[in-house]
Amino acid sequence: MLALIAAIPILLTIVMTVGLNVPAKKALPIAWLSIVIIGLFYWQMDVQHIVSYTVTGFLGSIDTLLIIFGAILLMNMLKEAGAMRRIEGMFNGITEDARIQLIIIGFAFSGFIEGAAGFGTPAAIAAPLLIGLGFPPMAAAISCLILNSTPVPFGAAGTPTNSAFACVSDVLPTLGISPDNWLLSLSFISALGMDLGAFIIIFLVVGITTQKFGKNHKFSDAVPVLPFCLLAAFSFSLFSLPLARFIGSEITSLAAAAITVFVLLGAAKTGFLMPKDVWRFESQEAKAAEKSGDTVATSHMSLLKAWTPYLLISLWLVLTRIPQIGLKPIVQSFSVSVSNILGVENAVWSFKYVNNPGIAPFILVVLIGIALYGLNGAQVKHMFVASGRQVYGAFIALLFGFALVYIYRYSNANAAGFESMLLAMAHGMADLAGENFFYVSPIIGSIGAFMFGSNTVSNIMFTPLQFETATILNLPQIAIVALQNQGGAIGNMICINNIVAVCATTGSLLHHLHRRHDGSAQPRADSSLLIPDYPFLPFAVPRWRRFFLWAAGFVLY
């Protein structure tokens, strides 16, 4: 009974986001209000503790919010300066084989953007680039959504993995576990699970593309590029695994995908593992108009200048994350902390501001980029305003998501004599799943990403629950949290944020006409209506049906 009552905020969130299409920025504040009511009137918590843990949760979200804002700001700066268009132009003329273009851009380059920015930007950037190379918009959208899964645990400088770690980091020392070593192991196990499925994902996406959009409509048209798919998966895994194990989550996808991009470019240029016959789409489509803000002439910008912000980011993260260099403890020494927030003993917040990737290197590199590219005041204002609008929804969701988690964890401070709501739910899940929790854990993570539109928010919401359930069942906590992380990455294929981003940039939303009462016609974008030719598309069906489609990606892994 306790477990069911404690789960009401989460069940309410599921009903609102999945059933009623309420966005996370509205659903999570309502969920927070529900847990406050339950805490006050059923768990008999006092107002002081609830307010204190809410404030602590708000403060705890600052770390993640700065990373998101910095990553989006960097991306907007590159677009405003025209550097992103120059980077995209680098891929023109690689090869005329659309299958190879898909692997290089849809997997490797998209993975690099995921590592640098995350939060819907990979598919939104890679899909239009593929369209510019002649891909049908629908093929580009589908491919980029599915391929944007392998690098997701380490998106935006490792934000999903680091967020999962932050949710349990205060518990680890009490169990005699080194937080730093635990985080490295979590990064490695998360990378291992995703890398094992990378080849299957890449080859399957190429096969879907050739079957559904090719002239012959044959999956077998993907077979000639099977060796190139292996090369892409092997190259990414070869670098991501040691990076995750020995350096950490911040640079894993960023560096591994960047190296993979140039490995694949070199292979394509030299003809290594290339198919004998060139495969093209029957109907070549190109973008009808340039995106707003891309009017800056970029043909004369050097590739080095265009790539400089990313090179600076990679250099900073490598220098400050490898312990042997000696800069890591110096960077981590700059911090601010608050104890006994509002007089509550367990309410503690610490912020290592120089170690936060959102500040250094993202915002720092943006300031350098403004001078490097000579952006004027209007451009700078536009990129800051645009970035603020993009992260507003995530800002609200993360604030109340963290507050919700803190109340769940520390609700043991009550007059009713109950254990915390988190432990109550963990006991309930342990009784239901038992040893089968290994199979349930990634499903929870995947559903969370679908619900909240982000692997990061999924990890924040469910990592404490997964950790406590694993403890009760005597399962390895690190493996269960890694499964949560991997499940969220798989669910990222169809989370609403990514779908909206890719549809907005490719124009893939189906526009219908509906009749007004006066009989006139009005164009309307409605993503809940099926596209007759491609009824399998995740963004072409109602949200309640998309809820089940995450299983397709989950089974692949």
# chains A, B, ... in the order shown; residues from 1 in each chain; ligands from 1
>>> residues_around(residues="Ile105 in chain A", least_positions_apart="6", cutoff="10 Å", atoms="only C-alpha atoms", output="list in words")
Glu88, Phe91, Gly111, Phe112, Pro122, Ile125, Ala126, Ala127, Leu129, Leu130, Cys144, Val261 and Leu264 of chain A
>>> atom_distance(atom1="CA of Ala244 in chain A", atom2="CA of Ser187 in chain A")
5.2 Å
>>> closest_residue(among="A:Ser458, A:Ser339, A:Ser169, A:Ser185", to="Gly491 in chain A", atoms="only C-alpha atoms")
A:Ser458
>>> residues_around(residues="Val354 in chain A", least_positions_apart="6", cutoff="12 Å", atoms="only C-alpha atoms", output="PDB file with N, CA, C and O atoms, in the first residue's frame")
ATOM      1  N   ASP A  63      23.749  22.535 -11.922  1.00  0.00           N
ATOM      2  CA  ASP A  63      24.850  21.891 -12.644  1.00  0.00           C
ATOM      3  C   ASP A  63      24.407  21.437 -14.026  1.00  0.00           C
ATOM      4  O   ASP A  63      25.044  21.739 -15.046  1.00  0.00           O
ATOM      5  N   LEU A  66      23.202  24.379 -16.486  1.00  0.00           N
ATOM      6  CA  LEU A  66      24.285  25.140 -17.099  1.00  0.00           C
ATOM      7  C   LEU A  66      24.903  24.380 -18.275  1.00  0.00           C
ATOM      8  O   LEU A  66      25.286  24.984 -19.280  1.00  0.00           O
ATOM      9  N   ILE A  67      24.992  23.061 -18.141  1.00  0.00           N
ATOM     10  CA  ILE A  67      25.528  22.258 -19.243  1.00  0.00           C
ATOM     11  C   ILE A  67      24.608  22.340 -20.458  1.00  0.00           C
ATOM     12  O   ILE A  67      25.060  22.526 -21.594  1.00  0.00           O
ATOM     13  N   TRP A 316      40.201  21.057 -23.666  1.00  0.00           N
ATOM     14  CA  TRP A 316      39.920  21.367 -22.267  1.00  0.00           C
ATOM     15  C   TRP A 316      39.457  20.124 -21.499  1.00  0.00           C
ATOM     16  O   TRP A 316      39.937  19.850 -20.394  1.00  0.00           O
ATOM     17  N   LEU A 317      38.524  19.382 -22.073  1.00  0.00           N
ATOM     18  CA  LEU A 317      37.987  18.212 -21.392  1.00  0.00           C
ATOM     19  C   LEU A 317      39.054  17.136 -21.192  1.00  0.00           C
ATOM     20  O   LEU A 317      39.092  16.476 -20.155  1.00  0.00           O
ATOM     21  N   THR A 320      41.554  18.382 -18.395  1.00  0.00           N
ATOM     22  CA  THR A 320      41.009  18.484 -17.041  1.00  0.00           C
ATOM     23  C   THR A 320      40.355  17.201 -16.542  1.00  0.00           C
ATOM     24  O   THR A 320      39.923  17.153 -15.384  1.00  0.00           O
ATOM     25  N   LEU A 327      45.650  18.411 -13.667  1.00  0.00           N
ATOM     26  CA  LEU A 327      44.764  19.566 -13.616  1.00  0.00           C
ATOM     27  C   LEU A 327      43.407  19.248 -12.983  1.00  0.00           C
ATOM     28  O   LEU A 327      42.707  20.161 -12.537  1.00  0.00           O
ATOM     29  N   LYS A 328      43.041  17.975 -12.959  1.00  0.00           N
ATOM     30  CA  LYS A 328      41.718  17.595 -12.464  1.00  0.00           C
ATOM     31  C   LYS A 328      41.477  18.054 -11.022  1.00  0.00           C
ATOM     32  O   LYS A 328      40.444  18.685 -10.738  1.00  0.00           O
ATOM     33  N   PRO A 329      42.372  17.775 -10.067  1.00  0.00           N
ATOM     34  CA  PRO A 329      42.120  18.243  -8.691  1.00  0.00           C
ATOM     35  C   PRO A 329      42.111  19.758  -8.559  1.00  0.00           C
ATOM     36  O   PRO A 329      41.395  20.313  -7.719  1.00  0.00           O
ATOM     37  N   ILE A 330      42.891  20.443  -9.403  1.00  0.00           N
ATOM     38  CA  ILE A 330      42.906  21.914  -9.357  1.00  0.00           C
ATOM     39  C   ILE A 330      41.557  22.459  -9.798  1.00  0.00           C
ATOM     40  O   ILE A 330      40.981  23.356  -9.165  1.00  0.00           O
ATOM     41  N   VAL A 331      41.030  21.923 -10.913  1.00  0.00           N
ATOM     42  CA  VAL A 331      39.738  22.381 -11.433  1.00  0.00           C
ATOM     43  C   VAL A 331      38.623  22.094 -10.436  1.00  0.00           C
ATOM     44  O   VAL A 331      37.709  22.914 -10.245  1.00  0.00           O
ATOM     45  N   GLN A 332      38.681  20.944  -9.781  1.00  0.00           N
ATOM     46  CA  GLN A 332      37.631  20.559  -8.845  1.00  0.00           C
ATOM     47  C   GLN A 332      37.723  21.298  -7.513  1.00  0.00           C
ATOM     48  O   GLN A 332      36.794  21.240  -6.702  1.00  0.00           O
ATOM     49  N   SER A 333      38.834  21.981  -7.273  1.00  0.00           N
ATOM     50  CA  SER A 333      39.018  22.670  -5.998  1.00  0.00           C
ATOM     51  C   SER A 333      38.196  23.954  -5.907  1.00  0.00           C
ATOM     52  O   SER A 333      37.951  24.458  -4.811  1.00  0.00           O
ATOM     53  N   PHE A 334      37.784  24.490  -7.033  1.00  0.00           N
ATOM     54  CA  PHE A 334      36.971  25.702  -7.036  1.00  0.00           C
ATOM     55  C   PHE A 334      35.506  25.312  -6.843  1.00  0.00           C
ATOM     56  O   PHE A 334      34.891  24.720  -7.748  1.00  0.00           O
ATOM     57  N   SER A 335      34.962  25.606  -5.706  1.00  0.00           N
ATOM     58  CA  SER A 335      33.582  25.189  -5.434  1.00  0.00           C
ATOM     59  C   SER A 335      32.920  26.103  -4.420  1.00  0.00           C
ATOM     60  O   SER A 335      33.590  26.811  -3.656  1.00  0.00           O
ATOM     61  N   VAL A 336      31.602  26.075  -4.440  1.00  0.00           N
ATOM     62  CA  VAL A 336      30.800  26.734  -3.414  1.00  0.00           C
ATOM     63  C   VAL A 336      29.872  25.676  -2.837  1.00  0.00           C
ATOM     64  O   VAL A 336      29.430  24.767  -3.544  1.00  0.00           O
ATOM     65  N   ALA A 360      32.841  25.908 -18.205  1.00  0.00           N
ATOM     66  CA  ALA A 360      34.141  25.666 -18.840  1.00  0.00           C
ATOM     67  C   ALA A 360      34.153  24.211 -19.307  1.00  0.00           C
ATOM     68  O   ALA A 360      34.148  23.301 -18.476  1.00  0.00           O
ATOM     69  N   PRO A 361      34.094  23.984 -20.636  1.00  0.00           N
ATOM     70  CA  PRO A 361      34.498  24.950 -21.655  1.00  0.00           C
ATOM     71  C   PRO A 361      33.385  25.634 -22.453  1.00  0.00           C
ATOM     72  O   PRO A 361      33.676  26.539 -23.214  1.00  0.00           O
ATOM     73  N   PHE A 362      32.111  25.212 -22.352  1.00  0.00           N
ATOM     74  CA  PHE A 362      31.109  25.656 -23.309  1.00  0.00           C
ATOM     75  C   PHE A 362      30.966  27.185 -23.368  1.00  0.00           C
ATOM     76  O   PHE A 362      31.166  27.802 -24.421  1.00  0.00           O
ATOM     77  N   ILE A 363      30.570  27.802 -22.252  1.00  0.00           N
ATOM     78  CA  ILE A 363      30.348  29.251 -22.279  1.00  0.00           C
ATOM     79  C   ILE A 363      31.658  29.987 -22.522  1.00  0.00           C
ATOM     80  O   ILE A 363      31.693  31.009 -23.246  1.00  0.00           O
ATOM     81  N   LEU A 364      32.737  29.476 -21.960  1.00  0.00           N
ATOM     82  CA  LEU A 364      34.048  30.091 -22.188  1.00  0.00           C
ATOM     83  C   LEU A 364      34.415  30.076 -23.669  1.00  0.00           C
ATOM     84  O   LEU A 364      34.885  31.090 -24.218  1.00  0.00           O
TER      85      LEU A 364
END
>>> residues_around(residues="range 223-227 of chain A", least_positions_apart="5", cutoff="12 Å", atoms="only C-alpha atoms", output="ChimeraX atom specification")
/A:97-104,199-208,210-211,218,232-234,264,267-268,271-279
>>> residues_around(residues="Met45 in chain A", least_positions_apart="2", cutoff="10 Å", atoms="only C-alpha atoms", output="number ranges by chain")
A: 36-43, 47-50, 407, 410-416
>>> closest_residue(among="A:Phe395, A:Phe239, A:Tyr439, A:Phe467", to="Ile68 in chain A", atoms="only C-alpha atoms")
A:Phe395
>>> closest_residue(among="A:Pro128, A:Gly343, A:Pro476, A:Gly445", to="Met461 in chain A", atoms="only C-alpha atoms")
A:Gly445
>>> residues_around(residues="Leu483 in chain A", least_positions_apart="3", cutoff="8 Å", atoms="only C-alpha atoms", output="list in words")
Ser190, Phe438, Ser441, Pro442, Gly445, Ala479, Ile480, Gln486 and Gly487 of chain A
>>> write_last_selection(atoms="N, CA and C atoms", output="compact mmCIF listing (two decimals), in the first residue's frame")
# COMPACT_ATOMS: atom_id res chain seq x y z
N SER A 190 28.01 1.47 -19.24
CA SER A 190 27.01 2.10 -20.12
C SER A 190 27.49 2.09 -21.57
N PHE A 438 16.58 -7.33 -13.67
CA PHE A 438 17.57 -7.05 -14.71
C PHE A 438 16.89 -6.71 -16.03
N SER A 441 14.71 -3.18 -15.56
CA SER A 441 15.45 -1.94 -15.36
C SER A 441 15.60 -1.09 -16.63
N PRO A 442 16.08 -1.65 -17.75
CA PRO A 442 16.20 -0.81 -18.95
C PRO A 442 14.85 -0.37 -19.51
N GLY A 445 14.01 2.84 -17.78
CA GLY A 445 14.78 3.94 -18.34
C GLY A 445 14.25 4.39 -19.69
N ALA A 479 25.44 -2.04 -12.23
CA ALA A 479 24.90 -2.65 -13.44
C ALA A 479 23.46 -2.20 -13.67
N ILE A 480 22.68 -2.11 -12.60
CA ILE A 480 21.29 -1.70 -12.74
C ILE A 480 21.19 -0.24 -13.19
N GLN A 486 21.25 2.99 -20.25
CA GLN A 486 21.14 2.44 -21.61
C GLN A 486 19.69 2.44 -22.09
N GLY A 487 18.76 2.09 -21.20
CA GLY A 487 17.36 2.10 -21.57
C GLY A 487 16.89 3.49 -21.97
>>> residues_around(residues="Ala426 in chain A", least_positions_apart="3", cutoff="8 Å", atoms="only C-alpha atoms", output="list in words")
Ala3, Leu422, Leu423, Met429, Ala430, Leu465, Gln466, Glu468, Thr469 and Ile472 of chain A
>>> decode(residues="range 422-433 of chain A", atoms="all heavy atoms", output="short mmCIF file (atom, residue, chain, number, x, y, z; two decimals), in the first residue's frame")
data_model
loop_
_atom_site.label_atom_id
_atom_site.label_comp_id
_atom_site.auth_asym_id
_atom_site.auth_seq_id
_atom_site.Cartn_x
_atom_site.Cartn_y
_atom_site.Cartn_z
N LEU A 422 10.95 6.60 -1.49
CA LEU A 422 11.81 5.92 -2.45
C LEU A 422 12.01 4.46 -2.05
O LEU A 422 11.90 3.55 -2.89
CB LEU A 422 13.16 6.64 -2.53
CG LEU A 422 14.13 6.13 -3.59
CD1 LEU A 422 13.56 6.34 -4.99
CD2 LEU A 422 15.47 6.84 -3.46
N LEU A 423 12.30 4.22 -0.77
CA LEU A 423 12.48 2.84 -0.30
C LEU A 423 11.17 2.06 -0.36
O LEU A 423 11.17 0.86 -0.66
CB LEU A 423 13.02 2.85 1.12
CG LEU A 423 14.52 3.08 1.28
CD1 LEU A 423 14.90 3.16 2.75
CD2 LEU A 423 15.30 1.95 0.59
N ALA A 424 10.06 2.73 -0.09
CA ALA A 424 8.76 2.05 -0.16
C ALA A 424 8.50 1.56 -1.58
O ALA A 424 8.07 0.40 -1.78
CB ALA A 424 7.65 2.99 0.29
N MET A 425 8.76 2.41 -2.58
CA MET A 425 8.59 1.98 -3.97
C MET A 425 9.60 0.90 -4.34
O MET A 425 9.27 -0.03 -5.09
CB MET A 425 8.73 3.19 -4.90
CG MET A 425 7.57 4.14 -4.87
SD MET A 425 7.62 5.31 -6.27
CE MET A 425 9.19 6.10 -5.98
N ALA A 426 10.82 1.03 -3.85
CA ALA A 426 11.84 0.03 -4.16
C ALA A 426 11.45 -1.34 -3.62
O ALA A 426 11.63 -2.36 -4.30
CB ALA A 426 13.19 0.47 -3.58
N HIS A 427 10.92 -1.37 -2.40
CA HIS A 427 10.45 -2.65 -1.85
C HIS A 427 9.31 -3.21 -2.69
O HIS A 427 9.24 -4.43 -2.93
CB HIS A 427 9.99 -2.45 -0.40
CG HIS A 427 11.10 -2.41 0.60
ND1 HIS A 427 11.93 -3.48 0.85
CD2 HIS A 427 11.53 -1.41 1.41
CE1 HIS A 427 12.82 -3.16 1.78
NE2 HIS A 427 12.60 -1.89 2.13
N GLY A 428 8.41 -2.35 -3.13
CA GLY A 428 7.31 -2.81 -3.96
C GLY A 428 7.80 -3.39 -5.28
O GLY A 428 7.32 -4.45 -5.72
N MET A 429 8.75 -2.71 -5.93
CA MET A 429 9.29 -3.21 -7.19
C MET A 429 10.08 -4.49 -6.99
O MET A 429 10.05 -5.40 -7.83
CB MET A 429 10.17 -2.14 -7.84
CG MET A 429 9.42 -0.92 -8.32
SD MET A 429 10.41 0.13 -9.38
CE MET A 429 10.67 -0.94 -10.78
N ALA A 430 10.80 -4.58 -5.88
CA ALA A 430 11.56 -5.80 -5.58
C ALA A 430 10.64 -6.99 -5.41
O ALA A 430 10.93 -8.10 -5.88
CB ALA A 430 12.41 -5.59 -4.33
N ASP A 431 9.51 -6.78 -4.73
CA ASP A 431 8.55 -7.86 -4.54
C ASP A 431 7.93 -8.30 -5.87
O ASP A 431 7.67 -9.50 -6.08
CB ASP A 431 7.45 -7.42 -3.57
CG ASP A 431 7.98 -7.22 -2.15
OD1 ASP A 431 9.04 -7.79 -1.84
OD2 ASP A 431 7.35 -6.48 -1.38
N LEU A 432 7.68 -7.33 -6.76
CA LEU A 432 7.04 -7.65 -8.03
C LEU A 432 8.01 -8.30 -9.02
O LEU A 432 7.68 -9.31 -9.65
CB LEU A 432 6.46 -6.38 -8.66
CG LEU A 432 5.18 -5.82 -8.03
CD1 LEU A 432 4.83 -4.49 -8.67
CD2 LEU A 432 4.03 -6.81 -8.19
N ALA A 433 9.18 -7.73 -9.17
CA ALA A 433 10.11 -8.17 -10.21
C ALA A 433 11.06 -9.27 -9.76
O ALA A 433 11.39 -10.17 -10.52
CB ALA A 433 10.92 -6.98 -10.73
#
